[in-house]
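Q: Dropping a structure here in structure tokens format, bear with me for questions.
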Protein chains: 2
Amino acid sequence: MAVTIKDVARLANVAPSTVSRVIANNPRISEKTKIRVRQAMKDLGYHPNIIARSLANQSTRAIGLVMSSATDKVFQNPFFPEIIRGINRGAHEKKYSIHMSTGQMEEEIFEAVIQMVEGRLVDGIVLLYSRIDDPVQNYLKQKMFPFIVVGKPYKYEQQITYVDNDNYSASKDATESLIKKGHEKIAFVGGDPNFVVTDDRLQGYRDALEEIGLTFHKEYQMYGEYLSDGEQEAIERLYSSVNPPTALVVADDVMAFSIINILNQLGLRVPDDVSIISFNNVLLSEISSPPLTSVDINIFRLGYEAGKNLIQRIENPDEPAKRIIIPHKIVERKSCRQR
Amino acid sequence: MAVTIKDVARLANVAPSTVSRVIANNPRISEKTKIRVRQAMKDLGYHPNIIARSLANQSTRAIGLVMSSATDKVFQNPFFPEIIRGINRGAHEKKYSIHMSTGQMEEEIFEAVIQMVEGRLVDGIVLLYSRIDDPVQNYLKQKMFPFIVVGKPYKYEQQITYVDNDNYSASKDATESLIKKGHEKIAFVGGDPNFVVTDDRLQGYRDALEEIGLTFHKEYQMYGEYLSDGEQEAIERLYSSVNPPTALVVADDVMAFSIINILNQLGLRVPDDVSIISFNNVLLSEISSPPLTSVDINIFRLGYEAGKNLIQRIENPDEPAKRIIIPHKIVERKSCRQR
DNA sequence: TTGTATGCGTTATCAC
DNA sequence: GTGATAACGCATACAA
């Protein structure tokens, strides 16, 4: 049996409540007894029981992490560790800890969220994705449980606190950078079409084309399924068509790796035959061959702000919903080339 | 205020204890009242408070994850998400959840562990690394707190439960595969020399050389600092020496990417000029150029077994320490070549 | 088969 | 300033 507040109280000759006050550094306790109590704590090797404290406080000082079904491949994307690192930093600064709960299917995830919320396991939740018609988002909102989403909410944008990039502009910038390099046949390879971010970026891409007077080709719009065979086929089809694009805007660095690989197999070289710009600027993009020109969306900061602002929200529940936009910037490397 | 067991009891006209028993599906409760109580739970939207349950049970059904200082770069390695995914699966199967606690410095990590253990936040801990002279390992062992380490413990190997690959053999196999391809000048690029795994692999490498009658060159032994400038210098020095190696055994796929990049800058091609075999067989190694020949250490399974066996240990505290060895296998791709 | 009483380790509300 | 005492929500030994 572990040493409790009572043991400390006994040894220091005070009441348990006094010990509790000393722990909280309550100013109404005299320095003298504080010292005595602290000595007793040290002597006994006392550590507060977080669970008991949580129960009494009705607060766990923990935040829950929810990610889209950690199905095999997606989770190998370096995006996740990096954003978790950011969240962790934000949480750690405010002395919050992190609880993860994942399932495989969408069903399981939802279950896990309910478990966290209703079970009072966490004080708030960060949603690491934003999917169209997400039941989790609906549930959390309806419960008025503190949460923040990384990415733009698919709905109720004004009422939900979120941290995101300006993905529309980021995609527009990326496309324009290609246009400036003389490209006119530019294709768009988005991620999961059910994610809000994919739509934003598609718009940015289309508007960039339109503003400069280039027409948008339906065949130039694709959705990569992240390292699937479908992707391979789609690329092959695209490059066996009469009018293959000279440049690609790709949703994700890892996807870009994969596409470069497919292209190589087709005998096409990057950047000589086709230019590629992708998103995320993951560490790997620097050391790949060729090094990737990538839109740095500042993943770490995305996570950091998510953690920080979620806690802010937990501690000030009635402040209005906020929107935090993290700046992006294009990092030029070797995968794009003047035409 | 949330709905508690008492509310349910009142509605169902039973005592709170009865409700508790229904939740636990205690066989001594009649089907009739079970149905009635369950209906009441449904009507009120009751969910048990996990925290309160934990306090009463003296068990949280949560396991803690501890990783080596999540200092910037290391954590971007796809190794981590993958092993966490495995742990998660193992935990989920037994209805355990996962608590993460990271600091930046070694100090902070230790603090976090103490917090988890003494604060009774978790029932067990998985250590995602094994460092020489690790105070965390010592602390946990001395406390007799249930834990499992991924990798070989640096000490008390018989008394600590761990899951690992046979890194000695894996490294030996890798080296021999190079030898079989006709290479005689083979260098070893290890990871952090403070990690136990690095030492195991160095031994395997040396023994492979020795058994075949090749002499071990001190200059052929290096420690990559994971994407640091030091690495670049070391490689450059190695390849400007009189006797550069024709093949490399590299501790990690991501490190291999980086080295390939450096090599390319030096005008050297993989695999034509130098062959590379690395460890981990991360998803990316398949889609890189060239695709990497890599030792698959089955990261997911490493995590899965870690989670599963930790829980096993939590629930049967007096079983003897176990050692779980996950098989490895070499996946031949395009980064190695006959000489 | 079910109810009563008590404990889990804290914090918080009153007293004094 | 400090000490009793009652929550917090649930589980369980003991009664009935």
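Numbering starts fresh at 1 for the residues of each chain in the structure tokens, the chains themselves are lettered A, B, ... in the order given, and ligands are numbered from 1 as they appear.
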Please list as a PyMOL selection string every residue within 8 Å of Arg339 (chain A), counting only C-alpha atoms (C1' of nucleotides) and excluding residues in the same chain fewer than 6 positions away.
A: chain A and resi 181-183
Q: Using only C-alpha atoms (C1' of nucleotides) and a cut-off of 9 Å, which residues of chain D sit close to chain A? Please list them as a PyMOL selection string.
A: chain D and resi 1-4+7-9
Q: Those residues with N, CA and C atoms (P, O5', C5', C4', C3', O3' and C1' of nucleotides), as a PDB file, in the first residue's frame please?
A:
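Written file, out.pdb:
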ATOM      1  P    DG D   1      -1.842  33.636   9.452  1.00  0.00           P
ATOM      2  O5'  DG D   1      -1.186  32.264   9.597  1.00  0.00           O
ATOM      3  C5'  DG D   1      -1.979  31.234   9.196  1.00  0.00           C
ATOM      4  C4'  DG D   1      -1.934  30.194  10.303  1.00  0.00           C
ATOM      5  C3'  DG D   1      -1.735  28.799   9.768  1.00  0.00           C
ATOM      6  O3'  DG D   1      -1.131  28.005  10.770  1.00  0.00           O
ATOM      7  C1'  DG D   1      -3.950  29.033  10.608  1.00  0.00           C
ATOM      8  P    DT D   2      -0.678  26.557  10.539  1.00  0.00           P
ATOM      9  O5'  DT D   2      -1.999  25.714  10.818  1.00  0.00           O
ATOM     10  C5'  DT D   2      -2.298  25.355  12.159  1.00  0.00           C
ATOM     11  C4'  DT D   2      -3.645  24.707  12.234  1.00  0.00           C
ATOM     12  C3'  DT D   2      -3.749  23.333  11.572  1.00  0.00           C
ATOM     13  O3'  DT D   2      -3.766  22.365  12.604  1.00  0.00           O
ATOM     14  C1'  DT D   2      -5.710  24.661  11.274  1.00  0.00           C
ATOM     15  P    DG D   3      -3.811  20.835  12.200  1.00  0.00           P
ATOM     16  O5'  DG D   3      -5.349  20.549  12.474  1.00  0.00           O
ATOM     17  C5'  DG D   3      -5.920  20.998  13.686  1.00  0.00           C
ATOM     18  C4'  DG D   3      -7.375  20.592  13.749  1.00  0.00           C
ATOM     19  C3'  DG D   3      -7.649  19.161  13.283  1.00  0.00           C
ATOM     20  O3'  DG D   3      -8.587  18.556  14.169  1.00  0.00           O
ATOM     21  C1'  DG D   3      -8.934  20.682  11.999  1.00  0.00           C
ATOM     22  P    DA D   4      -8.767  17.037  14.167  1.00  0.00           P
ATOM     23  O5'  DA D   4     -10.331  16.975  14.298  1.00  0.00           O
ATOM     24  C5'  DA D   4     -11.030  16.640  13.170  1.00  0.00           C
ATOM     25  C4'  DA D   4     -12.456  17.079  13.268  1.00  0.00           C
ATOM     26  C3'  DA D   4     -13.364  15.999  12.697  1.00  0.00           C
ATOM     27  O3'  DA D   4     -14.664  16.079  13.247  1.00  0.00           O
ATOM     28  C1'  DA D   4     -13.225  17.869  11.211  1.00  0.00           C
ATOM     29  P    DA D   7     -22.206  15.651   1.755  1.00  0.00           P
ATOM     30  O5'  DA D   7     -21.361  14.419   1.195  1.00  0.00           O
ATOM     31  C5'  DA D   7     -21.402  14.142  -0.180  1.00  0.00           C
ATOM     32  C4'  DA D   7     -20.524  15.106  -0.944  1.00  0.00           C
ATOM     33  C3'  DA D   7     -20.169  14.537  -2.307  1.00  0.00           C
ATOM     34  O3'  DA D   7     -20.499  15.453  -3.317  1.00  0.00           O
ATOM     35  C1'  DA D   7     -18.170  15.008  -1.039  1.00  0.00           C
ATOM     36  P    DC D   8     -21.171  14.907  -4.644  1.00  0.00           P
ATOM     37  O5'  DC D   8     -20.035  14.620  -5.704  1.00  0.00           O
ATOM     38  C5'  DC D   8     -18.819  15.304  -5.789  1.00  0.00           C
ATOM     39  C4'  DC D   8     -17.776  14.421  -6.428  1.00  0.00           C
ATOM     40  C3'  DC D   8     -18.324  13.108  -6.978  1.00  0.00           C
ATOM     41  O3'  DC D   8     -18.541  13.259  -8.374  1.00  0.00           O
ATOM     42  C1'  DC D   8     -16.249  12.809  -5.773  1.00  0.00           C
ATOM     43  P    DG D   9     -19.953  12.759  -9.003  1.00  0.00           P
ATOM     44  O5'  DG D   9     -19.700  11.206  -9.224  1.00  0.00           O
ATOM     45  C5'  DG D   9     -18.747  10.795 -10.192  1.00  0.00           C
ATOM     46  C4'  DG D   9     -18.487   9.322 -10.018  1.00  0.00           C
ATOM     47  C3'  DG D   9     -19.734   8.446 -10.104  1.00  0.00           C
ATOM     48  O3'  DG D   9     -19.473   7.466 -11.083  1.00  0.00           O
ATOM     49  C1'  DG D   9     -18.465   7.908  -8.178  1.00  0.00           C
TER      50       DG D   9
END
Q: Quick one: residues within 12 Å of DA16 (chain D), only C-alpha atoms (C1' of nucleotides) counted, chain neighbours fewer than 5 positions away excluded, as a short mmCIF file (atom, residue, chain, number, x, y, z; two decimals) with N, CA and C atoms (P, O5', C5', C4', C3', O3' and C1' of nucleotides), in the first residue's frame?
A:
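Produced file part21.cif, reproduced below:
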data_model
loop_
_atom_site.label_atom_id
_atom_site.label_comp_id
_atom_site.auth_asym_id
_atom_site.auth_seq_id
_atom_site.Cartn_x
_atom_site.Cartn_y
_atom_site.Cartn_z
P DT C 1 -29.50 -16.27 -7.86
"O5'" DT C 1 -29.92 -14.74 -7.93
"C5'" DT C 1 -31.28 -14.40 -7.96
"C4'" DT C 1 -31.52 -13.34 -6.94
"C3'" DT C 1 -30.97 -11.95 -7.31
"O3'" DT C 1 -32.10 -11.10 -7.51
"C1'" DT C 1 -30.55 -12.50 -5.02
P DT C 2 -31.97 -9.65 -7.94
"O5'" DT C 2 -31.57 -8.94 -6.60
"C5'" DT C 2 -32.57 -8.35 -5.80
"C4'" DT C 2 -31.97 -7.82 -4.53
"C3'" DT C 2 -31.34 -6.44 -4.62
"O3'" DT C 2 -32.24 -5.53 -4.03
"C1'" DT C 2 -30.15 -7.90 -3.18
P DG C 3 -31.87 -4.00 -4.03
"O5'" DG C 3 -31.34 -3.78 -2.52
"C5'" DG C 3 -32.19 -4.11 -1.44
"C4'" DG C 3 -31.47 -3.87 -0.13
"C3'" DG C 3 -30.90 -2.45 0.04
"O3'" DG C 3 -31.10 -2.04 1.39
"C1'" DG C 3 -29.15 -4.04 0.24
P DT C 4 -30.75 -0.56 1.83
"O5'" DT C 4 -29.78 -0.73 3.09
"C5'" DT C 4 -29.31 -2.00 3.49
"C4'" DT C 4 -28.18 -1.78 4.50
"C3'" DT C 4 -27.74 -0.34 4.71
"O3'" DT C 4 -27.27 -0.21 6.05
"C1'" DT C 4 -25.97 -1.56 3.73
#
Q: Check which residues of chain C sit at most 12 Å from chain A using only C-alpha atoms (C1' of nucleotides), and return one row each with the closest pair of atoms and their distance in Å to one decimal, ordered by chain and rising number, as a Markdown table.
A:
| residue | atom | partner | partner_atom | distance |
| --- | --- | --- | --- | --- |
| C:DC8 | C1' | A:Ala52 | CA | 7.8 |
| C:DG9 | C1' | A:Ala52 | CA | 4.9 |
| C:DT10 | C1' | A:Arg53 | CA | 4.7 |
| C:DT11 | C1' | A:Ala56 | CA | 5.5 |
| C:DA12 | C1' | A:Ala56 | CA | 8.9 |
| C:DT13 | C1' | A:Ser17 | CA | 11.4 |
Q: Using only C-alpha atoms, find which residues of chain B lie within 9 Å of chain A and jot them down as a ChimeraX atom specification.
A: /B:2,46-52,54-55,60,70-73,75-82,85,88-89,92,97-104,114-116,118-121,227,254,257-262,264,282-284,286-291
Q: I need the strand (DSSP E) residues of region 25-171 of chain A per DSSP on the backbone, written as a VMD selection string.
A: chain A and resid 62 to 66 97 to 100 124 to 127 147 to 150 162 to 165
Q: Could those residues be written to a file, using C-alpha atoms, as a short mmCIF file (atom, residue, chain, number, x, y, z; two decimals), in the first residue's frame?
A:
data_model
loop_
_atom_site.label_atom_id
_atom_site.label_comp_id
_atom_site.auth_asym_id
_atom_site.auth_seq_id
_atom_site.Cartn_x
_atom_site.Cartn_y
_atom_site.Cartn_z
CA ALA A 62 -5.27 15.19 -19.49
CA ILE A 63 -6.22 15.76 -23.10
CA GLY A 64 -7.33 13.11 -25.50
CA LEU A 65 -5.90 12.55 -28.94
CA VAL A 66 -8.17 11.22 -31.63
CA SER A 97 -0.72 14.88 -20.04
CA ILE A 98 -1.89 13.03 -23.10
CA HIS A 99 -4.23 10.17 -23.53
CA MET A 100 -4.44 8.30 -26.81
CA GLY A 124 -10.66 18.03 -23.68
CA ILE A 125 -10.00 16.48 -27.04
CA VAL A 126 -7.98 17.31 -30.08
CA LEU A 127 -9.22 15.92 -33.33
CA PHE A 147 -12.39 20.20 -28.24
CA ILE A 148 -10.29 21.60 -31.00
CA VAL A 149 -9.87 20.35 -34.50
CA VAL A 150 -6.74 20.34 -36.56
CA TYR A 162 -9.80 25.05 -34.83
CA VAL A 163 -6.26 25.42 -35.98
CA ASP A 164 -5.47 25.12 -39.63
CA ASN A 165 -3.40 26.43 -42.47
#
Q: For Ile276 (chain A), list every protein, DNA or RNA residue within 8 Å, evaluated using only C-alpha atoms (C1' of nucleotides), and leave out those in the same chain fewer than 5 positions away; present the list as a count of residues only.
A: 11
Q: Of the candidates A:Ile160, A:Leu268, A:Val295, A:Ile186, which shows the shortest atom-to-atom distance to Thr215 (chain A), using only C-alpha atoms?
A: A:Ile186
Q: Write out as a PyMOL selection string the set of residues from region 160-231 of chain B that DSSP, computed on the backbone, places in helix (DSSP H, G or I).
A: chain B and resi 167-180+196-212+218-220+229-231
Q: Please produce a file of those selected residues containing N, CA and C atoms, as a CSV table (one decimal), in the first residue's frame.
A:
chain,number,residue,atom,x,y,z
B,167,ASN,N,19.0,-9.0,-32.7
B,167,ASN,CA,19.7,-8.0,-33.5
B,167,ASN,C,21.1,-8.5,-33.8
B,168,TYR,N,21.7,-9.3,-33.0
B,168,TYR,CA,23.0,-9.8,-33.4
B,168,TYR,C,22.9,-10.6,-34.7
B,169,SER,N,22.0,-11.6,-34.7
B,169,SER,CA,21.8,-12.4,-35.9
B,169,SER,C,21.4,-11.5,-37.1
B,170,ALA,N,20.5,-10.6,-36.9
B,170,ALA,CA,19.9,-9.8,-37.9
B,170,ALA,C,21.1,-9.0,-38.6
B,171,SER,N,22.0,-8.5,-37.8
B,171,SER,CA,23.1,-7.8,-38.3
B,171,SER,C,24.1,-8.7,-39.0
B,172,LYS,N,24.2,-9.9,-38.4
B,172,LYS,CA,25.1,-10.8,-39.0
B,172,LYS,C,24.6,-11.3,-40.4
B,173,ASP,N,23.3,-11.5,-40.4
B,173,ASP,CA,22.6,-11.9,-41.7
B,173,ASP,C,22.8,-10.8,-42.7
B,174,ALA,N,22.6,-9.6,-42.3
B,174,ALA,CA,22.7,-8.5,-43.3
B,174,ALA,C,24.1,-8.4,-43.8
B,175,THR,N,25.1,-8.5,-42.9
B,175,THR,CA,26.5,-8.4,-43.4
B,175,THR,C,26.8,-9.6,-44.3
B,176,GLU,N,26.3,-10.8,-43.9
B,176,GLU,CA,26.6,-11.9,-44.8
B,176,GLU,C,26.0,-11.8,-46.1
B,177,SER,N,24.8,-11.2,-46.2
B,177,SER,CA,24.2,-11.1,-47.5
B,177,SER,C,25.0,-10.2,-48.4
B,178,LEU,N,25.7,-9.3,-47.8
B,178,LEU,CA,26.6,-8.4,-48.6
B,178,LEU,C,27.9,-9.2,-49.0
B,179,ILE,N,28.4,-10.0,-48.1
B,179,ILE,CA,29.5,-10.8,-48.4
B,179,ILE,C,29.2,-11.8,-49.5
B,180,LYS,N,28.1,-12.4,-49.4
B,180,LYS,CA,27.7,-13.3,-50.5
B,180,LYS,C,27.6,-12.6,-51.8
B,196,VAL,N,21.5,-0.1,-26.6
B,196,VAL,CA,21.9,-1.5,-26.5
B,196,VAL,C,21.9,-2.2,-27.9
B,197,VAL,N,20.9,-1.8,-28.7
B,197,VAL,CA,20.8,-2.4,-30.0
B,197,VAL,C,22.0,-2.2,-30.9
B,198,THR,N,22.5,-1.0,-30.7
B,198,THR,CA,23.7,-0.6,-31.5
B,198,THR,C,24.9,-1.6,-31.3
B,199,ASP,N,25.0,-1.9,-30.0
B,199,ASP,CA,26.1,-2.8,-29.7
B,199,ASP,C,25.9,-4.2,-30.2
B,200,ASP,N,24.7,-4.7,-30.1
B,200,ASP,CA,24.3,-6.0,-30.6
B,200,ASP,C,24.7,-6.1,-32.1
B,201,ARG,N,24.3,-5.1,-32.8
B,201,ARG,CA,24.4,-5.2,-34.2
B,201,ARG,C,25.9,-5.1,-34.6
B,202,LEU,N,26.6,-4.3,-33.9
B,202,LEU,CA,28.0,-4.2,-34.2
B,202,LEU,C,28.7,-5.5,-34.0
B,203,GLN,N,28.3,-6.3,-33.0
B,203,GLN,CA,28.9,-7.6,-32.8
B,203,GLN,C,28.6,-8.5,-33.9
B,204,GLY,N,27.3,-8.5,-34.4
B,204,GLY,CA,26.9,-9.4,-35.5
B,204,GLY,C,27.7,-9.0,-36.7
B,205,TYR,N,27.9,-7.8,-37.0
B,205,TYR,CA,28.6,-7.3,-38.1
B,205,TYR,C,30.1,-7.8,-38.0
B,206,ARG,N,30.7,-7.6,-36.9
B,206,ARG,CA,32.1,-8.0,-36.7
B,206,ARG,C,32.3,-9.6,-36.8
B,207,ASP,N,31.4,-10.3,-36.2
B,207,ASP,CA,31.5,-11.7,-36.3
B,207,ASP,C,31.3,-12.3,-37.7
B,208,ALA,N,30.4,-11.6,-38.4
B,208,ALA,CA,30.2,-12.0,-39.8
B,208,ALA,C,31.5,-11.9,-40.6
B,209,LEU,N,32.1,-10.8,-40.4
B,209,LEU,CA,33.4,-10.5,-41.1
B,209,LEU,C,34.4,-11.6,-40.7
B,210,GLU,N,34.5,-11.7,-39.4
B,210,GLU,CA,35.5,-12.6,-38.8
B,210,GLU,C,35.4,-14.0,-39.3
B,211,GLU,N,34.2,-14.5,-39.3
B,211,GLU,CA,33.9,-15.9,-39.6
B,211,GLU,C,34.4,-16.2,-41.1
B,212,ILE,N,34.2,-15.2,-41.9
B,212,ILE,CA,34.6,-15.4,-43.3
B,212,ILE,C,36.0,-15.1,-43.6
B,218,LYS,N,38.9,-0.4,-38.2
B,218,LYS,CA,38.3,0.6,-37.2
B,218,LYS,C,37.6,1.7,-38.0
B,219,GLU,N,38.2,2.1,-39.1
B,219,GLU,CA,37.6,3.3,-39.8
B,219,GLU,C,36.3,2.9,-40.4
B,220,TYR,N,36.0,1.7,-40.5
B,220,TYR,CA,34.7,1.3,-41.1
B,220,TYR,C,33.6,1.2,-40.1
B,229,ASP,N,24.8,17.0,-39.3
B,229,ASP,CA,25.9,17.4,-40.2
B,229,ASP,C,27.1,16.5,-40.0
B,230,GLY,N,27.3,16.0,-38.7
B,230,GLY,CA,28.4,15.1,-38.4
B,230,GLY,C,28.4,13.9,-39.3
B,231,GLU,N,27.2,13.4,-39.6
B,231,GLU,CA,27.1,12.3,-40.5
B,231,GLU,C,27.6,12.6,-41.8
Q: Measuring between only C-alpha atoms, which one of B:Glu225, B:Glu157, B:Glu315, B:Glu106 shows the shortest distance to Asp134 (chain B)?
A: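 So, comparing all the options, the nearest one is B:Glu106.
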Q: Distance CA of Pro135 (chain B)-CA of Met41 (chain A), one decimal place?
A: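 These two atoms are separated by 22.4 Å.
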